[in-house]
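A.B. asks: Here you go, this is final38.pdb (PDB, C-alpha atoms).
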```pdb
ATOM      1  CA  ASP E   5    -102.090-176.964 -81.870
ATOM      2  CA  ALA E   6    -104.149-173.980 -82.954
ATOM      3  CA  LYS E   7    -103.507-172.472 -86.350
ATOM      4  CA  THR E   8    -102.213-168.914 -86.682
ATOM      5  CA  THR E   9    -102.788-166.308 -89.371
ATOM      6  CA  GLN E  10    -100.338-163.493 -90.064
ATOM      7  CA  PRO E  11    -100.098-160.888 -92.821
ATOM      8  CA  PRO E  12     -97.474-161.990 -95.364
ATOM      9  CA  SER E  13     -95.520-158.738 -95.258
ATOM     10  CA  MET E  14     -95.207-155.391 -93.518
ATOM     11  CA  ASP E  15     -93.015-152.330 -93.782
ATOM     12  CA  CYS E  16     -91.817-150.162 -90.936
ATOM     13  CA  ALA E  17     -89.725-147.020 -90.804
ATOM     14  CA  GLU E  18     -86.482-147.237 -88.896
ATOM     15  CA  GLY E  19     -86.870-145.931 -85.353
ATOM     16  CA  ARG E  20     -90.617-146.382 -85.323
ATOM     17  CA  ALA E  21     -92.540-149.094 -83.537
ATOM     18  CA  ALA E  22     -93.312-152.219 -85.527
ATOM     19  CA  ASN E  23     -96.614-153.852 -84.628
ATOM     20  CA  LEU E  24     -96.999-157.367 -85.975
ATOM     21  CA  PRO E  25    -100.442-158.934 -85.612
ATOM     22  CA  CYS E  26    -101.312-162.585 -85.264
ATOM     23  CA  ASN E  27    -104.708-164.218 -85.285
ATOM     24  CA  HIS E  28    -105.185-167.464 -83.348
ATOM     25  CA  SER E  29    -108.941-167.649 -82.945
ATOM     26  CA  THR E  30    -108.984-171.380 -82.189
ATOM     27  CA  ILE E  31    -106.477-171.204 -79.352
ATOM     28  CA  SER E  32    -107.363-173.333 -76.359
ATOM     29  CA  GLY E  33    -106.916-172.559 -72.685
ATOM     30  CA  ASN E  34    -103.601-174.305 -72.169
ATOM     31  CA  GLU E  35    -101.897-173.074 -75.320
ATOM     32  CA  TYR E  36     -99.134-170.501 -75.315
ATOM     33  CA  VAL E  37     -98.299-167.924 -77.966
ATOM     34  CA  TYR E  38     -94.657-167.910 -79.041
ATOM     35  CA  TRP E  39     -92.873-165.521 -81.354
ATOM     36  CA  TYR E  40     -89.694-166.335 -83.254
ATOM     37  CA  ARG E  41     -87.931-164.509 -86.023
ATOM     38  CA  GLN E  42     -85.624-165.668 -88.776
ATOM     39  CA  ILE E  43     -83.107-163.388 -90.357
ATOM     40  CA  HIS E  44     -82.181-164.439 -93.865
ATOM     41  CA  SER E  45     -80.237-167.722 -94.034
ATOM     42  CA  GLN E  46     -80.016-168.085 -90.254
ATOM     43  CA  GLY E  47     -81.773-170.266 -87.694
ATOM     44  CA  PRO E  48     -84.862-168.882 -85.950
ATOM     45  CA  GLN E  49     -84.372-166.745 -82.867
ATOM     46  CA  TYR E  50     -86.708-166.802 -79.886
ATOM     47  CA  ILE E  51     -88.309-163.445 -79.117
ATOM     48  CA  ILE E  52     -90.998-163.803 -76.499
ATOM     49  CA  HIS E  53     -93.921-165.931 -75.374
ATOM     50  CA  GLY E  54     -97.052-165.577 -73.259
ATOM     51  CA  LEU E  55    -100.204-167.261 -72.063
ATOM     52  CA  LYS E  56    -102.719-164.625 -70.965
ATOM     53  CA  ASN E  57    -100.890-161.610 -69.661
ATOM     54  CA  ASN E  58     -98.949-159.110 -71.687
ATOM     55  CA  GLU E  59     -95.232-159.746 -71.619
ATOM     56  CA  THR E  60     -92.173-157.571 -72.158
ATOM     57  CA  ASN E  61     -88.499-158.327 -72.446
ATOM     58  CA  GLU E  62     -85.441-156.599 -73.803
ATOM     59  CA  MET E  63     -86.400-157.413 -77.383
ATOM     60  CA  ALA E  64     -90.131-156.846 -77.606
ATOM     61  CA  SER E  65     -93.556-156.658 -76.016
ATOM     62  CA  LEU E  66     -96.355-159.131 -76.523
ATOM     63  CA  ILE E  67     -99.934-157.959 -76.221
ATOM     64  CA  ILE E  68    -102.556-160.703 -76.000
ATOM     65  CA  THR E  69    -106.217-159.781 -76.270
ATOM     66  CA  GLU E  70    -108.495-160.641 -73.381
ATOM     67  CA  ASP E  71    -110.231-163.380 -75.361
ATOM     68  CA  ARG E  72    -106.768-164.641 -76.445
ATOM     69  CA  LYS E  73    -107.891-164.916 -80.054
ATOM     70  CA  SER E  74    -105.218-162.574 -81.286
ATOM     71  CA  SER E  75    -101.946-161.022 -80.254
ATOM     72  CA  THR E  76     -99.534-158.318 -81.351
ATOM     73  CA  LEU E  77     -95.774-158.350 -81.205
ATOM     74  CA  ILE E  78     -94.338-154.885 -80.717
ATOM     75  CA  LEU E  79     -90.771-153.939 -81.543
ATOM     76  CA  PRO E  80     -90.637-150.512 -79.891
ATOM     77  CA  HIS E  81     -87.875-148.941 -81.983
ATOM     78  CA  ALA E  82     -87.269-150.962 -85.113
ATOM     79  CA  THR E  83     -83.797-150.985 -86.635
ATOM     80  CA  LEU E  84     -82.583-152.243 -89.989
ATOM     81  CA  ARG E  85     -81.326-155.371 -88.214
ATOM     82  CA  ASP E  86     -84.903-156.232 -87.287
ATOM     83  CA  THR E  87     -85.670-156.993 -90.930
ATOM     84  CA  ALA E  88     -86.668-160.652 -90.803
ATOM     85  CA  VAL E  89     -89.518-163.136 -91.073
ATOM     86  CA  TYR E  90     -91.534-163.171 -87.841
ATOM     87  CA  TYR E  91     -93.381-166.313 -86.858
ATOM     88  CA  CYS E  92     -96.271-166.502 -84.422
ATOM     89  CA  ILE E  93     -96.715-170.037 -83.098
ATOM     90  CA  VAL E  94     -99.268-171.508 -80.746
ATOM     91  CA  THR E  95     -98.109-174.508 -78.799
ATOM     92  CA  ARG E  96     -99.647-176.705 -76.176
ATOM     93  CA  SER E  97     -97.546-175.967 -73.161
ATOM     94  CA  SER E  98     -94.781-173.846 -71.785
ATOM     95  CA  ASN E  99     -92.501-176.717 -72.655
ATOM     96  CA  THR E 100     -92.233-175.738 -76.283
ATOM     97  CA  GLY E 101     -92.151-179.203 -77.793
ATOM     98  CA  LYS E 102     -92.326-179.409 -81.531
ATOM     99  CA  LEU E 103     -93.049-176.094 -83.172
ATOM    100  CA  ILE E 104     -95.178-175.875 -86.284
ATOM    101  CA  PHE E 105     -94.142-172.851 -88.322
ATOM    102  CA  GLY E 106     -96.630-171.047 -90.552
ATOM    103  CA  GLN E 107     -95.656-168.663 -93.316
ATOM    104  CA  GLY E 108     -94.898-165.782 -90.969
ATOM    105  CA  THR E 109     -94.714-162.062 -91.661
ATOM    106  CA  THR E 110     -91.796-160.619 -93.566
ATOM    107  CA  LEU E 111     -90.968-157.329 -91.858
ATOM    108  CA  GLN E 112     -88.962-154.884 -93.906
ATOM    109  CA  VAL E 113     -87.505-152.037 -91.883
ATOM    110  CA  LYS E 114     -86.708-149.107 -94.137
ATOM    111  CA  PRO E 115     -84.326-146.221 -93.500
TER     112      PRO E 115
ATOM    113  CA  GLY O  28     -79.279-167.616 -74.353
ATOM    114  CA  ALA O  29     -78.005-171.122 -74.896
ATOM    115  CA  VAL O  30     -75.977-171.923 -77.995
ATOM    116  CA  VAL O  31     -76.669-174.595 -80.571
ATOM    117  CA  SER O  32     -74.142-175.233 -83.313
ATOM    118  CA  GLN O  33     -74.350-177.120 -86.584
ATOM    119  CA  HIS O  34     -71.615-178.591 -88.697
ATOM    120  CA  PRO O  35     -71.003-178.174 -91.520
ATOM    121  CA  SER O  36     -72.588-174.821 -92.331
ATOM    122  CA  ARG O  37     -72.500-175.618 -96.038
ATOM    123  CA  VAL O  38     -71.981-178.835 -97.939
ATOM    124  CA  ILE O  39     -71.991-179.699-101.611
ATOM    125  CA  CYS O  40     -72.119-183.333-102.596
ATOM    126  CA  LYS O  41     -72.672-185.519-105.615
ATOM    127  CA  SER O  42     -75.943-187.283-106.221
ATOM    128  CA  GLY O  43     -76.008-190.721-104.585
ATOM    129  CA  THR O  44     -73.662-189.911-101.742
ATOM    130  CA  SER O  45     -74.576-189.616 -98.067
ATOM    131  CA  VAL O  46     -74.128-186.505 -95.982
ATOM    132  CA  LYS O  47     -74.001-186.237 -92.195
ATOM    133  CA  ILE O  48     -75.009-183.048 -90.383
ATOM    134  CA  GLU O  49     -74.183-182.568 -86.712
ATOM    135  CA  CYS O  50     -76.193-180.577 -84.196
ATOM    136  CA  ARG O  51     -74.611-179.782 -80.842
ATOM    137  CA  SER O  52     -75.872-178.025 -77.734
ATOM    138  CA  LEU O  53     -72.745-176.248 -76.545
ATOM    139  CA  ASP O  54     -73.581-175.163 -73.017
ATOM    140  CA  PHE O  55     -76.512-177.292 -71.984
ATOM    141  CA  GLN O  56     -77.763-180.836 -72.190
ATOM    142  CA  ALA O  57     -80.669-181.478 -74.502
ATOM    143  CA  THR O  58     -82.778-184.585 -74.111
ATOM    144  CA  THR O  59     -84.851-183.497 -77.091
ATOM    145  CA  MET O  60     -83.697-182.072 -80.388
ATOM    146  CA  PHE O  61     -85.687-181.321 -83.508
ATOM    147  CA  TRP O  62     -84.767-181.340 -87.181
ATOM    148  CA  TYR O  63     -86.353-178.994 -89.704
ATOM    149  CA  ARG O  64     -85.983-178.497 -93.430
ATOM    150  CA  GLN O  65     -86.552-175.233 -95.255
ATOM    151  CA  PHE O  66     -86.820-174.775 -99.004
ATOM    152  CA  PRO O  67     -86.184-171.348-100.592
ATOM    153  CA  LYS O  68     -88.822-168.764 -99.725
ATOM    154  CA  LYS O  69     -90.723-171.330 -97.686
ATOM    155  CA  SER O  70     -91.285-171.801 -93.984
ATOM    156  CA  LEU O  71     -89.548-174.324 -91.762
ATOM    157  CA  MET O  72     -90.992-177.807 -91.960
ATOM    158  CA  LEU O  73     -90.512-180.143 -89.021
ATOM    159  CA  MET O  74     -88.939-183.426 -90.087
ATOM    160  CA  ALA O  75     -88.454-185.328 -86.854
ATOM    161  CA  THR O  76     -88.117-185.228 -83.099
ATOM    162  CA  SER O  77     -84.937-186.720 -81.710
ATOM    163  CA  ASN O  78     -84.804-188.023 -78.158
ATOM    164  CA  GLU O  79     -81.550-189.033 -76.526
ATOM    165  CA  GLY O  80     -81.183-192.767 -76.309
ATOM    166  CA  SER O  81     -84.280-193.651 -78.294
ATOM    167  CA  LYS O  82     -85.491-193.776 -81.863
ATOM    168  CA  ALA O  83     -86.488-190.561 -83.535
ATOM    169  CA  THR O  84     -90.127-189.762 -84.248
ATOM    170  CA  TYR O  85     -90.653-188.734 -87.846
ATOM    171  CA  GLU O  86     -93.368-186.464 -89.181
ATOM    172  CA  GLN O  87     -95.760-187.775 -91.758
ATOM    173  CA  GLY O  88     -94.231-187.967 -95.203
ATOM    174  CA  VAL O  89     -90.610-187.946 -94.017
ATOM    175  CA  GLU O  90     -88.735-191.113 -94.995
ATOM    176  CA  LYS O  91     -86.983-192.461 -91.937
ATOM    177  CA  ASP O  92     -84.703-194.687 -94.010
ATOM    178  CA  LYS O  93     -83.529-191.733 -96.028
ATOM    179  CA  PHE O  94     -83.079-189.277 -93.180
ATOM    180  CA  LEU O  95     -81.277-191.178 -90.445
ATOM    181  CA  ILE O  96     -81.240-189.500 -87.058
ATOM    182  CA  ASN O  97     -79.010-190.468 -84.178
ATOM    183  CA  HIS O  98     -79.115-188.818 -80.761
ATOM    184  CA  ALA O  99     -76.422-190.726 -78.933
ATOM    185  CA  SER O 100     -75.595-188.149 -76.280
ATOM    186  CA  LEU O 101     -77.259-185.269 -74.480
ATOM    187  CA  THR O 102     -75.323-182.748 -76.539
ATOM    188  CA  LEU O 103     -75.224-184.265 -80.013
ATOM    189  CA  SER O 104     -77.762-185.284 -82.626
ATOM    190  CA  THR O 105     -76.866-186.171 -86.187
ATOM    191  CA  LEU O 106     -78.916-186.198 -89.364
ATOM    192  CA  THR O 107     -77.640-188.307 -92.232
ATOM    193  CA  VAL O 108     -79.159-187.768 -95.649
ATOM    194  CA  THR O 109     -78.598-191.088 -97.397
ATOM    195  CA  SER O 110     -78.260-191.416-101.163
ATOM    196  CA  ALA O 111     -78.837-187.711-101.588
ATOM    197  CA  HIS O 112     -80.495-186.390-104.733
ATOM    198  CA  PRO O 113     -80.878-182.847-106.064
ATOM    199  CA  GLU O 114     -84.380-182.594-104.601
ATOM    200  CA  ASP O 115     -82.838-183.035-101.133
ATOM    201  CA  SER O 116     -81.016-179.738-101.575
ATOM    202  CA  SER O 117     -82.313-177.553 -98.786
ATOM    203  CA  PHE O 118     -81.526-175.650 -95.610
ATOM    204  CA  TYR O 119     -81.495-178.044 -92.653
ATOM    205  CA  ILE O 120     -81.963-176.563 -89.191
ATOM    206  CA  CYS O 121     -81.861-178.233 -85.814
ATOM    207  CA  SER O 122     -83.117-177.050 -82.452
ATOM    208  CA  ALA O 123     -82.594-178.217 -78.898
ATOM    209  CA  GLU O 124     -84.656-177.930 -75.758
ATOM    210  CA  THR O 125     -83.055-176.976 -72.471
ATOM    211  CA  GLY O 126     -85.559-178.984 -70.456
ATOM    212  CA  GLY O 127     -86.460-178.302 -66.858
ATOM    213  CA  SER O 128     -89.274-176.204 -65.497
ATOM    214  CA  TYR O 129     -88.472-173.236 -67.728
ATOM    215  CA  ASN O 130     -87.996-175.111 -70.963
ATOM    216  CA  GLU O 131     -86.709-173.121 -73.898
ATOM    217  CA  GLN O 132     -85.894-174.129 -77.433
ATOM    218  CA  PHE O 133     -82.843-172.801 -79.237
ATOM    219  CA  PHE O 134     -82.072-173.147 -82.912
ATOM    220  CA  GLY O 135     -78.842-173.852 -84.704
ATOM    221  CA  PRO O 136     -77.590-171.643 -87.539
ATOM    222  CA  GLY O 137     -78.573-174.133 -90.209
ATOM    223  CA  THR O 138     -76.750-176.227 -92.822
ATOM    224  CA  ARG O 139     -77.074-175.486 -96.514
ATOM    225  CA  LEU O 140     -77.018-178.741 -98.494
ATOM    226  CA  THR O 141     -76.558-178.669-102.245
ATOM    227  CA  VAL O 142     -76.723-181.949-104.135
ATOM    228  CA  LEU O 143     -75.336-181.839-107.643
TER     229      LEU O 143
END
```
Kindly return the structure encoded in the file as structure tokens.
C.D. replies:
Amino acid sequence: DAKTTQPPSMDCAEGRAANLPCNHSTISGNEYVYWYRQIHSQGPQYIIHGLKNNETNEMASLIITEDRKSSTLILPHATLRDTAVYYCIVTRSSNTGKLIFGQGTTLQVKP
Amino acid sequence: GAVVSQHPSRVICKSGTSVKIECRSLDFQATTMFWYRQFPKKSLMLMATSNEGSKATYEQGVEKDKFLINHASLTLSTLTVTSAHPEDSSFYICSAETGGSYNEQFFGPGTRLTVL
């Protein structure tokens, strides 16, 4: 599976959009981009995933560049409860299989 | 989404004892479950893949005789830490796949193990 690179930490003001970048320059054609988050001392929570097209659900939007070498997770109106570690994971198929977690981005939402 | 539970949520044990952690898929059947370990301020590290009715597949560096995994039913996988030592103290997390054409993976809430 392709490796991902994320900034170690980011801050965001409450109510503003949080844009979390992820670099996956070695992604191959059949690999999906998944995003999970982990709130302190809890299990990870699925957010969204995509292959080529941009995706949106009730939690977030996922923007994947045309060359698929990077993506951005957007939380449109961040709240204090969105403070968590966000993981961008590239995996071989839409059947998630085993997930290899990197270090993720710690998002701190501030009042 | 689907619910995965773990029991116990916290356990404290003496060095040398064995501890069993249960992972259950509450509202779906999971042919595949995964076990992760997470040390403080670190990311999740995959330990093994557990398939119902067959032997688990362990990641490199994980001792299969120390971390016994049993996946006897489609809703239950267990991880037994045998002869636990203080360095085994960690946060253990399981996940389960729903299977099917729209396969999703859901995580349990984790089990905090402290070995004295």
A.B. asks: On this structure, the PyMOL selection byres ((chain O and resi 63-70) around 10) would catch which residues? List them as a VMD selection string, sorted by chain and number.
C.D. replies: (chain E and resid 42 44 to 45 89 91 103 to 108) or (chain O and resid 61 to 62 71 to 76 114 to 122 134 137 to 139)
A.B. asks: Check the smallest atom-to-atom distance from each of E:Thr95, E:Asn61, E:Gln112, E:Gln49 to chain O using all atoms listed in the file, then report the winner.
C.D. replies: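 Of all the options, E:Gln49 lies closest to chain O.
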A.B. asks: Would you kindly identify which residues have an atom no farther than 6 Å from (-76.9, -182.3, -89.0), using only C-alpha atoms and the file's own coordinates, and write them out as number ranges by chain?
C.D. replies: O: 47-50, 105-106
A.B. asks: Could you give me, as a PyMOL selection string, the residues that have an atom at most 6 Å away from the point (-81.1, -170.1, -86.1) in the coordinates of the file, using all atoms listed in the file?
C.D. replies: (chain E and resi 46-49) or (chain O and resi 134-136)
A.B. asks: Once the PyMOL selection byres ((chain E and resi 30-38) around 6) has been applied to the shown file, what residues remain in the selection, as a list in words?
C.D. replies: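 With the shown file as input, the PyMOL selection byres ((chain E and resi 30-38) around 6) matches Ala6, His28, Ser29, Trp39, His53, Gly54, Leu55, Cys92, Ile93, Val94, Thr95, Arg96 and Ser97 of chain E.
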A.B. asks: Evaluate the PyMOL selection byres ((chain E and resi 21) around 10) on the structure here and hand back the selected residues as a list in words.
C.D. replies: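 Evaluating the PyMOL selection byres ((chain E and resi 21) around 10) on this file yields Cys16, Ala17, Glu18, Gly19, Arg20, Ala22, Asn23, Leu24, Ile78, Leu79, Pro80, His81, Ala82 and Thr83 of chain E.
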A.B. asks: Rounded to one decimal, what separation in Å do you get between atom CA of Asp54 of chain O and atom CA of Gly127 of chain O?
C.D. replies: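 One can read the atom CA of Asp54 of chain O to atom CA of Gly127 of chain O distance as 14.6 Å.
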A.B. asks: Calculate how many Å separate atom CA of Lys7 of chain E from atom CA of Gly88 of chain O, rounding to one decimal.
C.D. replies: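 Between atom CA of Lys7 of chain E and atom CA of Gly88 of chain O the gap is 20.1 Å.
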A.B. asks: Just give me the gap between atom CA of Ser36 of chain O and atom CA of Leu140 of chain O in Å, one decimal is fine.
C.D. replies: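 Interatomic distance here is 8.5 Å.
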A.B. asks: Compare O:Met60, O:Ala111, O:Val46, O:Ile96 by their minimum atom-to-atom distance to chain E, counting only C-alpha atoms, and give me the closest one.
C.D. replies: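 Among the listed residues, the smallest separation from chain E belongs to O:Met60.
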A.B. asks: Using all atoms listed in the file for the distances, tell me which of E:Arg41, E:Lys114, E:Lys56, E:Lys102 is nearest to chain O.
C.D. replies: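 Answer, going by the shortest atom-to-atom distance: E:Lys102.
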A.B. asks: For a quick check of understanding, using all atoms listed in the file, which of E:Tyr50, E:Arg85, E:Glu70, E:Ser13 has the smallest distance to chain O?
C.D. replies: E:Tyr50
A.B. asks: For chain O, which residue among E:Tyr40, E:Met14, E:Arg72, E:Ala64 is the nearest when counting all atoms listed in the file?
C.D. replies: E:Tyr40
A.B. asks: Could you tell me which of O:Ala123, O:Val108, O:Leu95, O:Val89 comes closest to chain E if we count all atoms listed in the file?
C.D. replies: O:Ala123
A.B. asks: Kindly write N, CA and C atoms of segment 21-54 of chain E from the structure just given to a file, as an mmCIF file, in the first residue's frame.
C.D. replies:
```cif
data_model
loop_
_atom_site.group_PDB
_atom_site.id
_atom_site.type_symbol
_atom_site.label_atom_id
_atom_site.label_comp_id
_atom_site.auth_asym_id
_atom_site.auth_seq_id
_atom_site.Cartn_x
_atom_site.Cartn_y
_atom_site.Cartn_z
ATOM 1 N N ALA E 21 -13.964 26.171 8.642
ATOM 2 C CA ALA E 21 -13.664 24.917 7.947
ATOM 3 C C ALA E 21 -12.256 24.446 8.313
ATOM 4 N N ALA E 22 -12.133 23.163 8.528
ATOM 5 C CA ALA E 22 -10.820 22.557 8.765
ATOM 6 C C ALA E 22 -10.431 21.796 7.502
ATOM 7 N N ASN E 23 -9.269 22.132 6.969
ATOM 8 C CA ASN E 23 -8.784 21.483 5.752
ATOM 9 C C ASN E 23 -7.528 20.685 6.087
ATOM 10 N N LEU E 24 -7.641 19.388 6.036
ATOM 11 C CA LEU E 24 -6.518 18.525 6.413
ATOM 12 C C LEU E 24 -5.919 17.893 5.161
ATOM 13 N N PRO E 25 -4.654 18.206 4.880
ATOM 14 C CA PRO E 25 -4.038 17.665 3.666
ATOM 15 C C PRO E 25 -3.391 16.301 3.891
ATOM 16 N N CYS E 26 -3.262 15.583 2.785
ATOM 17 C CA CYS E 26 -2.587 14.293 2.813
ATOM 18 C C CYS E 26 -1.881 14.095 1.480
ATOM 19 N N ASN E 27 -0.622 13.725 1.567
ATOM 20 C CA ASN E 27 0.148 13.447 0.362
ATOM 21 C C ASN E 27 0.282 11.944 0.198
ATOM 22 N N HIS E 28 -0.025 11.455 -1.002
ATOM 23 C CA HIS E 28 0.119 10.016 -1.295
ATOM 24 C C HIS E 28 0.616 9.896 -2.723
ATOM 25 N N SER E 29 1.819 10.397 -2.943
ATOM 26 C CA SER E 29 2.349 10.527 -4.305
ATOM 27 C C SER E 29 2.605 9.193 -4.989
ATOM 28 N N THR E 30 2.721 8.113 -4.218
ATOM 29 C CA THR E 30 3.003 6.814 -4.835
ATOM 30 C C THR E 30 1.755 5.954 -4.986
ATOM 31 N N ILE E 31 0.600 6.567 -4.862
ATOM 32 C CA ILE E 31 -0.651 5.815 -4.952
ATOM 33 C C ILE E 31 -0.782 5.172 -6.325
ATOM 34 N N SER E 32 -1.293 3.961 -6.358
ATOM 35 C CA SER E 32 -1.488 3.291 -7.637
ATOM 36 C C SER E 32 -2.976 3.318 -8.012
ATOM 37 N N GLY E 33 -3.240 2.903 -9.255
ATOM 38 C CA GLY E 33 -4.561 3.098 -9.832
ATOM 39 C C GLY E 33 -5.714 2.441 -9.108
ATOM 40 N N ASN E 34 -5.454 1.353 -8.419
ATOM 41 C CA ASN E 34 -6.545 0.632 -7.761
ATOM 42 C C ASN E 34 -6.586 0.870 -6.261
ATOM 43 N N GLU E 35 -5.882 1.885 -5.801
ATOM 44 C CA GLU E 35 -5.856 2.169 -4.368
ATOM 45 C C GLU E 35 -6.816 3.296 -3.998
ATOM 46 N N TYR E 36 -7.503 3.089 -2.891
ATOM 47 C CA TYR E 36 -8.456 4.043 -2.373
ATOM 48 C C TYR E 36 -7.819 4.884 -1.267
ATOM 49 N N VAL E 37 -8.368 6.070 -1.067
ATOM 50 C CA VAL E 37 -7.961 6.926 0.038
ATOM 51 C C VAL E 37 -9.057 6.882 1.098
ATOM 52 N N TYR E 38 -8.681 6.480 2.288
ATOM 53 C CA TYR E 38 -9.599 6.430 3.427
ATOM 54 C C TYR E 38 -9.169 7.444 4.479
ATOM 55 N N TRP E 39 -10.165 7.988 5.156
ATOM 56 C CA TRP E 39 -9.899 8.859 6.298
ATOM 57 C C TRP E 39 -10.622 8.312 7.529
ATOM 58 N N TYR E 40 -9.874 8.219 8.615
ATOM 59 C CA TYR E 40 -10.409 7.860 9.920
ATOM 60 C C TYR E 40 -9.973 8.933 10.908
ATOM 61 N N ARG E 41 -10.671 9.002 12.011
ATOM 62 C CA ARG E 41 -10.207 9.863 13.092
ATOM 63 C C ARG E 41 -10.301 9.120 14.410
ATOM 64 N N GLN E 42 -9.474 9.545 15.352
ATOM 65 C CA GLN E 42 -9.451 8.909 16.664
ATOM 66 C C GLN E 42 -9.487 10.002 17.725
ATOM 67 N N ILE E 43 -10.581 10.024 18.422
ATOM 68 C CA ILE E 43 -10.702 10.917 19.569
ATOM 69 C C ILE E 43 -10.001 10.237 20.735
ATOM 70 N N HIS E 44 -9.418 11.032 21.597
ATOM 71 C CA HIS E 44 -8.557 10.525 22.652
ATOM 72 C C HIS E 44 -9.154 9.326 23.394
ATOM 73 N N SER E 45 -8.348 8.251 23.452
ATOM 74 C CA SER E 45 -8.698 7.038 24.201
ATOM 75 C C SER E 45 -9.951 6.336 23.679
ATOM 76 N N GLN E 46 -10.243 6.509 22.401
ATOM 77 C CA GLN E 46 -11.346 5.785 21.776
ATOM 78 C C GLN E 46 -10.832 5.047 20.541
ATOM 79 N N GLY E 47 -11.648 4.159 19.998
ATOM 80 C CA GLY E 47 -11.298 3.490 18.754
ATOM 81 C C GLY E 47 -11.469 4.437 17.578
ATOM 82 N N PRO E 48 -10.767 4.189 16.483
ATOM 83 C CA PRO E 48 -10.915 5.050 15.301
ATOM 84 C C PRO E 48 -12.333 5.018 14.747
ATOM 85 N N GLN E 49 -12.698 6.122 14.127
ATOM 86 C CA GLN E 49 -14.026 6.279 13.534
ATOM 87 C C GLN E 49 -13.865 6.564 12.054
ATOM 88 N N TYR E 50 -14.577 5.812 11.232
ATOM 89 C CA TYR E 50 -14.545 6.029 9.791
ATOM 90 C C TYR E 50 -15.155 7.395 9.448
ATOM 91 N N ILE E 51 -14.514 8.096 8.519
ATOM 92 C CA ILE E 51 -15.066 9.380 8.080
ATOM 93 C C ILE E 51 -15.562 9.291 6.645
ATOM 94 N N ILE E 52 -14.669 8.945 5.738
ATOM 95 C CA ILE E 52 -15.012 8.999 4.329
ATOM 96 C C ILE E 52 -13.943 8.276 3.522
ATOM 97 N N HIS E 53 -14.253 7.858 2.306
ATOM 98 C CA HIS E 53 -13.226 7.324 1.441
ATOM 99 C C HIS E 53 -13.558 7.638 -0.011
ATOM 100 N N GLY E 54 -12.543 7.546 -0.878
ATOM 101 C CA GLY E 54 -12.754 7.828 -2.291
ATOM 102 C C GLY E 54 -11.675 7.211 -3.150
#
```
